[in-house]
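Peer 1: My structure is in final26.cif, and what it holds is mmCIF, C-alpha atoms:
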data_upload
loop_
_atom_site.label_atom_id
_atom_site.label_comp_id
_atom_site.auth_asym_id
_atom_site.auth_seq_id
_atom_site.Cartn_x
_atom_site.Cartn_y
_atom_site.Cartn_z
CA MET A 1378 -14.59 6.01 -45.45
CA ASN A 1379 -13.28 3.16 -43.28
CA PRO A 1380 -12.33 4.16 -39.74
CA ASN A 1381 -8.70 4.11 -38.67
CA PRO A 1382 -8.09 1.18 -36.23
CA ASP A 1383 -5.95 3.50 -34.07
CA ASP A 1384 -8.93 5.84 -33.73
CA LEU A 1385 -11.10 2.91 -32.67
CA LEU A 1386 -8.60 2.07 -29.90
CA VAL A 1387 -8.67 5.69 -28.74
CA LEU A 1388 -12.46 5.50 -28.51
CA LEU A 1389 -12.14 2.25 -26.54
CA ALA A 1390 -9.88 3.96 -24.02
CA VAL A 1391 -12.26 6.90 -23.65
CA SER A 1392 -15.26 4.56 -23.23
CA ARG A 1393 -13.52 2.80 -20.34
CA SER A 1394 -12.46 5.90 -18.46
CA GLY A 1395 -15.16 8.36 -19.49
CA LYS A 1396 -12.50 11.09 -19.76
CA PHE A 1397 -10.20 12.31 -22.51
CA THR A 1398 -7.42 13.12 -20.04
CA THR A 1399 -7.40 9.65 -18.47
CA ALA A 1400 -7.50 7.97 -21.88
CA ALA A 1401 -4.66 10.19 -23.07
CA GLN A 1402 -2.49 9.17 -20.10
CA ALA A 1403 -3.23 5.48 -20.67
CA LEU A 1404 -2.35 5.74 -24.36
CA GLY A 1405 0.69 8.01 -23.97
CA LEU A 1406 -0.98 10.79 -25.93
CA ASN A 1407 -2.08 14.31 -25.11
CA HIS A 1408 -5.64 15.53 -24.67
CA THR A 1409 -5.64 17.37 -28.01
CA THR A 1410 -4.59 14.25 -29.92
CA VAL A 1411 -7.35 12.20 -28.32
CA SER A 1412 -9.91 14.85 -29.21
CA ARG A 1413 -8.61 14.97 -32.79
CA ARG A 1414 -8.74 11.16 -33.12
CA ILE A 1415 -12.32 11.06 -31.88
CA ALA A 1416 -13.30 13.80 -34.34
CA ALA A 1417 -11.67 11.85 -37.19
CA LEU A 1418 -13.52 8.69 -36.17
CA GLU A 1419 -16.86 10.51 -36.07
CA LYS A 1420 -16.19 11.92 -39.54
CA ALA A 1421 -15.38 8.45 -40.85
CA LEU A 1422 -18.49 6.91 -39.30
CA GLY A 1423 -20.78 9.81 -40.13
CA GLY A 1424 -22.11 10.42 -36.62
CA ARG A 1425 -21.37 11.09 -32.96
CA VAL A 1426 -19.69 8.31 -30.99
CA LEU A 1427 -19.59 10.16 -27.65
CA ALA A 1428 -22.08 12.29 -25.73
CA ARG A 1429 -21.58 14.49 -22.69
CA ALA A 1430 -22.57 12.88 -19.39
CA ALA A 1431 -22.26 13.79 -15.73
CA GLY A 1432 -18.56 13.81 -14.96
CA GLY A 1433 -17.38 12.68 -18.37
CA TRP A 1434 -18.40 11.07 -21.66
CA GLU A 1435 -20.67 8.17 -22.58
CA VAL A 1436 -20.77 6.28 -25.86
CA THR A 1437 -23.75 6.78 -28.14
CA ASP A 1438 -25.48 3.86 -29.88
CA LEU A 1439 -23.12 4.34 -32.82
CA GLY A 1440 -20.23 4.58 -30.38
CA ALA A 1441 -21.24 1.30 -28.74
CA GLN A 1442 -21.06 -0.43 -32.13
CA ALA A 1443 -17.63 1.08 -32.71
CA VAL A 1444 -16.44 0.02 -29.24
CA ALA A 1445 -17.48 -3.59 -29.98
CA ILE A 1446 -15.30 -3.53 -33.10
CA ALA A 1447 -12.49 -1.81 -31.18
CA GLU A 1448 -12.52 -4.64 -28.62
CA GLN A 1449 -11.99 -7.11 -31.47
CA VAL A 1450 -9.11 -5.02 -32.76
CA GLU A 1451 -7.58 -4.92 -29.27
CA ALA A 1452 -7.93 -8.69 -28.92
CA ALA A 1453 -6.35 -9.26 -32.34
CA VAL A 1454 -3.40 -7.00 -31.48
CA GLY A 1455 -2.95 -8.93 -28.26
CA LEU A 1456 -2.39 -12.12 -30.25
CA LEU A 1457 0.81 -10.75 -31.80
CA GLY A 1458 3.89 -12.37 -30.37
CA GLN A 1459 1.82 -15.04 -28.59
CA ALA A 1460 1.71 -17.69 -31.29
CA ASP A 1461 3.26 -20.22 -28.93
CA ARG A 1462 0.58 -19.88 -26.26
CA ALA A 1463 -3.08 -19.08 -25.98
CA PRO A 1464 -3.69 -15.46 -24.96
CA ASP A 1465 -5.48 -14.73 -21.70
CA PRO A 1466 -8.70 -12.88 -22.52
CA ILE A 1467 -9.08 -11.73 -18.90
CA THR A 1468 -6.83 -8.70 -19.09
CA GLY A 1469 -7.11 -4.93 -18.95
CA VAL A 1470 -8.70 -2.52 -16.48
CA VAL A 1471 -12.10 -3.05 -14.85
CA ARG A 1472 -13.52 -0.08 -12.97
CA MET A 1473 -16.14 -0.41 -10.25
CA THR A 1474 -17.71 1.36 -7.29
CA ALA A 1475 -19.02 -0.21 -4.10
CA THR A 1476 -19.56 0.62 -0.44
CA ASP A 1477 -16.56 0.66 1.88
CA GLY A 1478 -17.36 -2.57 3.69
CA PHE A 1479 -18.32 -4.51 0.58
CA SER A 1480 -15.19 -3.32 -1.20
CA ALA A 1481 -12.91 -4.46 1.62
CA TYR A 1482 -14.48 -7.77 2.61
CA ILE A 1483 -16.11 -9.05 -0.60
CA ALA A 1484 -14.69 -7.33 -3.69
CA ALA A 1485 -11.02 -7.12 -2.64
CA PRO A 1486 -10.53 -10.83 -1.76
CA ALA A 1487 -12.53 -11.87 -4.83
CA VAL A 1488 -10.31 -9.79 -7.11
CA ALA A 1489 -7.13 -10.94 -5.35
CA ARG A 1490 -7.94 -14.58 -6.05
CA LEU A 1491 -8.88 -13.81 -9.65
CA ARG A 1492 -5.64 -11.96 -10.29
CA ARG A 1493 -3.55 -14.94 -9.19
CA GLU A 1494 -4.81 -16.72 -12.29
CA HIS A 1495 -4.97 -13.63 -14.51
CA PRO A 1496 -2.09 -11.27 -13.66
CA GLY A 1497 -2.89 -9.06 -16.65
CA LEU A 1498 -6.12 -7.99 -14.97
CA SER A 1499 -6.28 -4.67 -13.12
CA VAL A 1500 -9.29 -3.60 -11.05
CA GLU A 1501 -9.95 -0.07 -9.81
CA ILE A 1502 -12.41 0.17 -6.88
CA VAL A 1503 -13.85 3.54 -5.86
CA THR A 1504 -15.60 3.34 -2.48
CA VAL A 1505 -18.88 5.28 -2.23
CA THR A 1506 -22.23 4.88 -0.51
CA ARG A 1507 -24.83 6.29 -2.89
CA ARG A 1508 -27.69 5.44 -5.21
CA ALA A 1509 -26.88 3.86 -8.57
CA LEU A 1510 -25.90 6.41 -11.17
CA GLN A 1511 -28.14 7.14 -14.13
CA GLN A 1512 -25.05 7.93 -16.23
CA ARG A 1513 -22.16 5.57 -15.49
CA SER A 1514 -19.54 6.83 -17.92
CA GLY A 1515 -16.23 5.05 -17.36
CA LEU A 1516 -17.70 2.55 -14.88
CA ASP A 1517 -18.10 -1.15 -15.60
CA ILE A 1518 -19.66 -2.28 -12.30
CA GLU A 1519 -21.57 -0.64 -9.44
CA VAL A 1520 -22.52 -2.33 -6.17
CA VAL A 1521 -25.20 -0.41 -4.25
CA VAL A 1522 -27.45 -0.88 -1.23
CA GLY A 1523 -31.14 -1.20 -2.11
CA GLU A 1524 -32.86 -1.94 -5.39
CA PRO A 1525 -31.70 0.58 -8.00
CA GLN A 1526 -33.99 2.46 -10.37
CA VAL A 1527 -31.87 2.71 -13.51
CA HIS A 1528 -32.28 2.81 -17.26
CA ARG A 1529 -29.94 1.51 -19.96
CA ALA A 1530 -28.36 -0.84 -17.43
CA GLU A 1531 -28.55 -4.40 -16.17
CA ALA A 1532 -29.22 -4.88 -12.45
CA PHE A 1533 -29.52 -7.94 -10.23
CA GLN A 1534 -29.46 -8.69 -6.51
CA LEU A 1535 -26.17 -10.05 -5.21
CA GLY A 1536 -27.20 -10.95 -1.69
CA GLU A 1537 -28.24 -9.45 1.64
CA TYR A 1538 -26.53 -8.24 4.78
CA VAL A 1539 -27.67 -7.35 8.30
CA LEU A 1540 -26.89 -4.32 10.44
CA GLY A 1541 -27.23 -4.20 14.21
CA MET A 1542 -26.53 -2.03 17.23
CA TYR A 1543 -23.11 -2.49 18.85
CA ALA A 1544 -21.12 -1.05 21.72
CA SER A 1545 -17.69 -1.79 23.10
CA ARG A 1546 -17.27 -3.83 26.28
CA ALA A 1547 -15.46 -0.91 27.92
CA TYR A 1548 -18.31 1.44 26.98
CA LEU A 1549 -20.90 -0.92 28.49
CA ASP A 1550 -18.84 -1.30 31.66
CA GLU A 1551 -18.93 2.49 32.03
CA TYR A 1552 -22.47 3.31 30.88
CA GLY A 1553 -24.35 0.05 31.39
CA MET A 1554 -26.14 -2.32 29.05
CA PRO A 1555 -29.40 -0.85 27.61
CA ALA A 1556 -32.09 -3.44 28.32
CA THR A 1557 -34.77 -1.94 26.04
CA VAL A 1558 -35.12 0.21 22.95
CA ASP A 1559 -36.28 3.08 25.17
CA LYS A 1560 -33.11 2.80 27.26
CA LEU A 1561 -31.05 2.94 24.08
CA ALA A 1562 -32.37 6.45 23.47
CA HIS A 1563 -30.18 7.64 26.36
CA HIS A 1564 -27.05 6.73 24.39
CA GLN A 1565 -25.47 8.58 21.48
CA LEU A 1566 -25.42 7.15 17.97
CA VAL A 1567 -22.35 6.45 15.84
CA TYR A 1568 -23.47 6.36 12.20
CA PHE A 1569 -23.59 8.15 8.85
CA VAL A 1570 -23.87 11.92 8.58
CA ASP A 1571 -27.64 12.33 8.28
CA SER A 1572 -27.57 15.28 5.89
CA MET A 1573 -25.19 13.46 3.53
CA LEU A 1574 -26.87 10.05 3.52
CA GLN A 1575 -27.91 9.30 -0.06
CA VAL A 1576 -29.40 5.82 0.46
CA ASP A 1577 -32.91 5.82 1.93
CA ASP A 1578 -32.64 2.17 3.00
CA LEU A 1579 -29.89 3.13 5.46
CA ASP A 1580 -32.14 5.31 7.63
CA ALA A 1581 -33.01 2.52 10.12
CA PRO A 1582 -31.47 3.81 13.38
CA ARG A 1583 -33.06 7.24 13.08
CA ARG A 1584 -36.35 5.64 12.10
CA LEU A 1585 -36.33 3.02 14.88
CA VAL A 1586 -34.89 5.20 17.67
CA PRO A 1587 -35.70 8.79 16.66
CA ALA A 1588 -34.85 10.08 20.15
CA MET A 1589 -31.27 8.87 19.88
CA ARG A 1590 -28.89 11.80 19.36
CA ASP A 1591 -25.91 11.71 17.01
CA GLY A 1592 -22.63 11.34 18.83
CA LEU A 1593 -20.08 10.81 16.08
CA SER A 1594 -21.01 10.79 12.40
CA SER A 1595 -18.94 9.90 9.35
CA THR A 1596 -19.36 9.04 5.68
CA ASN A 1597 -17.08 6.00 6.15
CA VAL A 1598 -18.26 2.78 7.80
CA PHE A 1599 -14.74 1.91 8.97
CA VAL A 1600 -14.84 5.10 11.04
CA HIS A 1601 -18.16 3.91 12.52
CA VAL A 1602 -16.57 0.63 13.59
CA GLU A 1603 -13.43 2.15 15.08
CA ALA A 1604 -15.34 4.98 16.80
CA THR A 1605 -17.65 2.42 18.38
CA ARG A 1606 -14.67 0.36 19.52
CA ALA A 1607 -13.17 3.54 21.02
CA GLY A 1608 -16.33 4.19 23.07
CA ALA A 1609 -17.76 7.15 21.12
CA GLY A 1610 -21.26 5.76 21.53
CA VAL A 1611 -23.48 2.99 20.19
CA GLY A 1612 -22.78 2.15 16.55
CA PHE A 1613 -25.25 0.88 13.97
CA LEU A 1614 -22.88 -1.41 12.11
CA PRO A 1615 -22.83 -4.13 9.46
CA CYS A 1616 -22.63 -7.39 11.39
CA PHE A 1617 -20.05 -8.85 9.01
CA MET A 1618 -17.68 -6.06 10.03
CA ALA A 1619 -18.53 -5.66 13.71
CA ASP A 1620 -18.50 -9.39 14.46
CA LEU A 1621 -14.80 -9.53 13.59
CA HIS A 1622 -14.04 -7.63 16.81
CA ASP A 1623 -14.36 -9.43 20.14
CA ASP A 1624 -14.43 -6.09 21.98
CA LEU A 1625 -17.78 -5.23 20.35
CA VAL A 1626 -21.06 -6.51 21.75
CA ARG A 1627 -24.28 -6.70 19.78
CA LEU A 1628 -27.21 -5.03 21.56
CA LEU A 1629 -30.89 -6.00 21.40
CA PRO A 1630 -30.56 -8.22 18.31
CA GLU A 1631 -34.29 -9.02 18.35
CA ALA A 1632 -35.12 -5.33 17.93
CA PHE A 1633 -32.25 -4.35 15.60
CA ALA A 1634 -31.58 -6.67 12.69
CA GLU A 1635 -31.94 -4.49 9.61
CA ARG A 1636 -31.64 -6.71 6.53
CA LEU A 1637 -30.67 -4.89 3.34
CA PRO A 1638 -29.87 -6.08 -0.20
CA TYR A 1639 -26.73 -5.55 -2.23
CA TRP A 1640 -27.42 -4.99 -5.92
CA MET A 1641 -25.01 -5.02 -8.83
CA VAL A 1642 -25.50 -2.64 -11.78
CA LEU A 1643 -23.74 -3.08 -15.11
CA ARG A 1644 -23.54 -1.12 -18.32
CA PRO A 1645 -25.26 -3.14 -21.07
CA ASP A 1646 -21.99 -3.47 -22.99
CA SER A 1647 -19.79 -4.32 -20.00
CA MET A 1648 -20.40 -8.08 -19.91
CA ARG A 1649 -19.08 -8.42 -23.46
CA ARG A 1650 -15.63 -7.96 -21.98
CA PRO A 1651 -14.26 -11.23 -20.54
CA ALA A 1652 -12.45 -9.29 -17.80
CA VAL A 1653 -15.68 -7.68 -16.55
CA ALA A 1654 -17.57 -10.97 -16.74
CA ALA A 1655 -14.83 -12.67 -14.71
CA VAL A 1656 -14.85 -9.96 -12.00
CA VAL A 1657 -18.65 -10.11 -11.79
CA GLN A 1658 -18.57 -13.89 -11.32
CA ALA A 1659 -15.77 -13.70 -8.75
CA ILE A 1660 -17.74 -11.16 -6.70
CA ARG A 1661 -20.91 -13.25 -6.94
CA ASP A 1662 -19.01 -16.33 -5.74
CA GLN A 1663 -17.44 -14.44 -2.82
CA THR A 1664 -20.84 -13.09 -1.79
CA VAL A 1665 -22.18 -16.65 -1.61
CA VAL A 1666 -19.16 -17.84 0.40
CA GLN A 1667 -19.64 -15.02 2.93
CA ARG A 1668 -23.44 -15.35 3.15
CA GLU A 1669 -23.55 -16.42 6.82
CA ALA A 1670 -21.17 -13.65 7.89
CA LEU A 1671 -23.14 -11.06 5.90
CA LEU A 1672 -26.30 -12.12 7.69
CA GLY A 1673 -24.68 -11.77 11.12
CA ARG A 1674 -24.49 -15.47 11.90
CA ARG A 1675 -20.91 -15.70 13.13
CA THR A 1676 -20.57 -17.33 16.54
CA ARG A 1677 -19.87 -14.67 19.14
CA ARG A 1678 -18.96 -14.70 22.80
CA SER A 1679 -21.80 -14.33 25.24
CA TRP A 1680 -22.10 -11.15 27.27
CA PRO A 1681 -23.73 -10.88 30.69
CA GLN A 1682 -27.28 -9.57 30.51
CA PRO A 1683 -28.24 -6.51 32.58
CA SER A 1684 -29.46 -7.18 36.08
CA HIS A 1685 -32.95 -5.96 37.00
#
Spell out the structure here as structure tokens.

Peer 2:
Amino acid sequence: MNPNPDDLLVLLAVSRSGKFTTAAQALGLNHTTVSRRIAALEKALGGRVLARAAGGWEVTDLGAQAVAIAEQVEAAVGLLGQADRAPDPITGVVRMTATDGFSAYIAAPAVARLRREHPGLSVEIVTVTRRALQQRSGLDIEVVVGEPQVHRAEAFQLGEYVLGMYASRAYLDEYGMPATVDKLAHHQLVYFVDSMLQVDDLDAPRRLVPAMRDGLSSTNVFVHVEATRAGAGVGFLPCFMADLHDDLVRLLPEAFAERLPYWMVLRPDSMRRPAVAAVVQAIRDQTVVQREALLGRRTRRSWPQPSH
């Protein structure tokens, strides 16, 4: 039995979102109809096209073959009514996750520029700081800190960034400039919540200055920056974010220059979609453009050294 093209398009929607409910909303159907269409497709193909995964559904090997055909059907449908002009293949929704800072300063401007040329493209960015997922149902792209250990995925290093210790000028006027690592231990740390930190590579401040007590902790790096600017303590911050603020001063850069890699992880089938491939390239290009800033090489004002 040949599969119904409509059922193939339903599978395509589920493969992109990983959820029946989200696919149903996108297609203007209800959850029951989506489930029934998937069941009909599996009957026609003689096997399972979806398998349960953490937080949703993932396509099986048979499902991946069906999705590839569904993408051709979608592209063919998109040609209707466009005989007078070439269709733009870079359309549709691309879903990705990345850390807060990377999302704001690398991914967002990269996508903004791309969308000027391809207005039919939509990108959803979920900000998280975690290890790469082993099951990435509904996700096209992940950007993580540290080399990922994943299977059934493509992974490559995007670039590197540097973190350093920072304090506000007002804070240093009140509490003094720490001249040594030992002196830094008398100050309170602004950083991630230790018990919720999922990325081992981000443990540097507690490894390098174990005597430093937590002052203000958050799961969001923008909170780290603003809390440090407000004088909550000494923040361990990405230089590409902290160096944007003249009221922040980098402390002991010779002792604190933690260099970490950004990695990109892709589902094996993701790069077949022109929209995903275009977003990946735009992000890679933006990472190269911002290389000096990521490595903490922006020119900054000098700050008087402590007197002895």

Peer 1: Tell me which residues come within 10 Å of (-33.0, 10.1, 19.4), as a list in words, counting only C-alpha atoms in the file's coordinates.

Peer 2: Asp1559, Leu1561, Ala1562, His1563, His1564, Gln1565, Leu1566, Pro1582, Arg1583, Arg1584, Leu1585, Val1586, Pro1587, Ala1588, Met1589, Arg1590 and Asp1591 of chain A

Peer 1: Measure the distance from CA of Glu1551 in chain A to CA of Ala1619 in chain A in Å and round it to one decimal.

Peer 2: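 Straight-line distance from CA of Glu1551 in chain A to CA of Ala1619 in chain A works out to 20.1 Å.
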
Peer 1: Name the residues that the PyMOL selection byres ((chain A and resi 1641-1658) around 6) picks from the file above, as a PyMOL selection string, using the file's chain letters and numbers.

Peer 2: chain A and resi 1467-1468+1517-1520+1530-1533+1640+1659-1661

Peer 1: So which residues get picked by the PyMOL selection byres ((chain A and resi 1613) around 6) here, written as a list in words?

Peer 2: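 On this input, the PyMOL selection byres ((chain A and resi 1613) around 6) captures Gly1541, Met1542, Gly1612 and Leu1614 of chain A.
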
Peer 1: So that I can see what lies close to range 1595-1607 of chain A, please list as a ChimeraX atom specification the residues with an atom at most 12 Å from it, counting all atoms listed in the file and leaving out residues fewer than 6 positions away in the same chain.

Peer 2: /A:1476-1482,1504-1507,1540-1549,1564-1576,1579,1613-1627

Peer 1: Could you tell me which of A:Pro1638, A:Gly1395, A:Gly1405, A:Pro1464 comes closest to Trp1434 in chain A if we count all atoms listed in the file?

Peer 2: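 For Trp1434 in chain A, the nearest of the candidates is A:Gly1395.
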
Peer 1: When distances are computed from all atoms listed in the file, which of A:Gly1433, A:Pro1486, A:Gly1523, A:Pro1380 shows the smallest separation from Lys1420 in chain A?

Peer 2: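 Closest to Lys1420 in chain A of all the choices is A:Pro1380.
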
Peer 1: Name every residue that the PyMOL selection byres ((chain A and resi 1632) around 9) selects in this structure, writing the answer as a count of residues only with chains first and numbers rising.

Peer 2: 11

Peer 1: Just the number, please: distance in Å from CA of Glu1501 in chain A to CA of Ala1416 in chain A, one decimal.

Peer 2: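 That distance, rounded to one decimal, is 28.4 Å.
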
Peer 1: Measure the distance from CA of Val1539 in chain A to CA of Ala1670 in chain A in Å and round it to one decimal.

Peer 2: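 CA of Val1539 in chain A sits 9.1 Å away from CA of Ala1670 in chain A.
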
Peer 1: Of the candidates A:Pro1382, A:Gly1608, A:Pro1496, A:Pro1525, which one gets nearest to Leu1418 in chain A if we count only C-alpha atoms?

Peer 2: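 Closest candidate: A:Pro1382.
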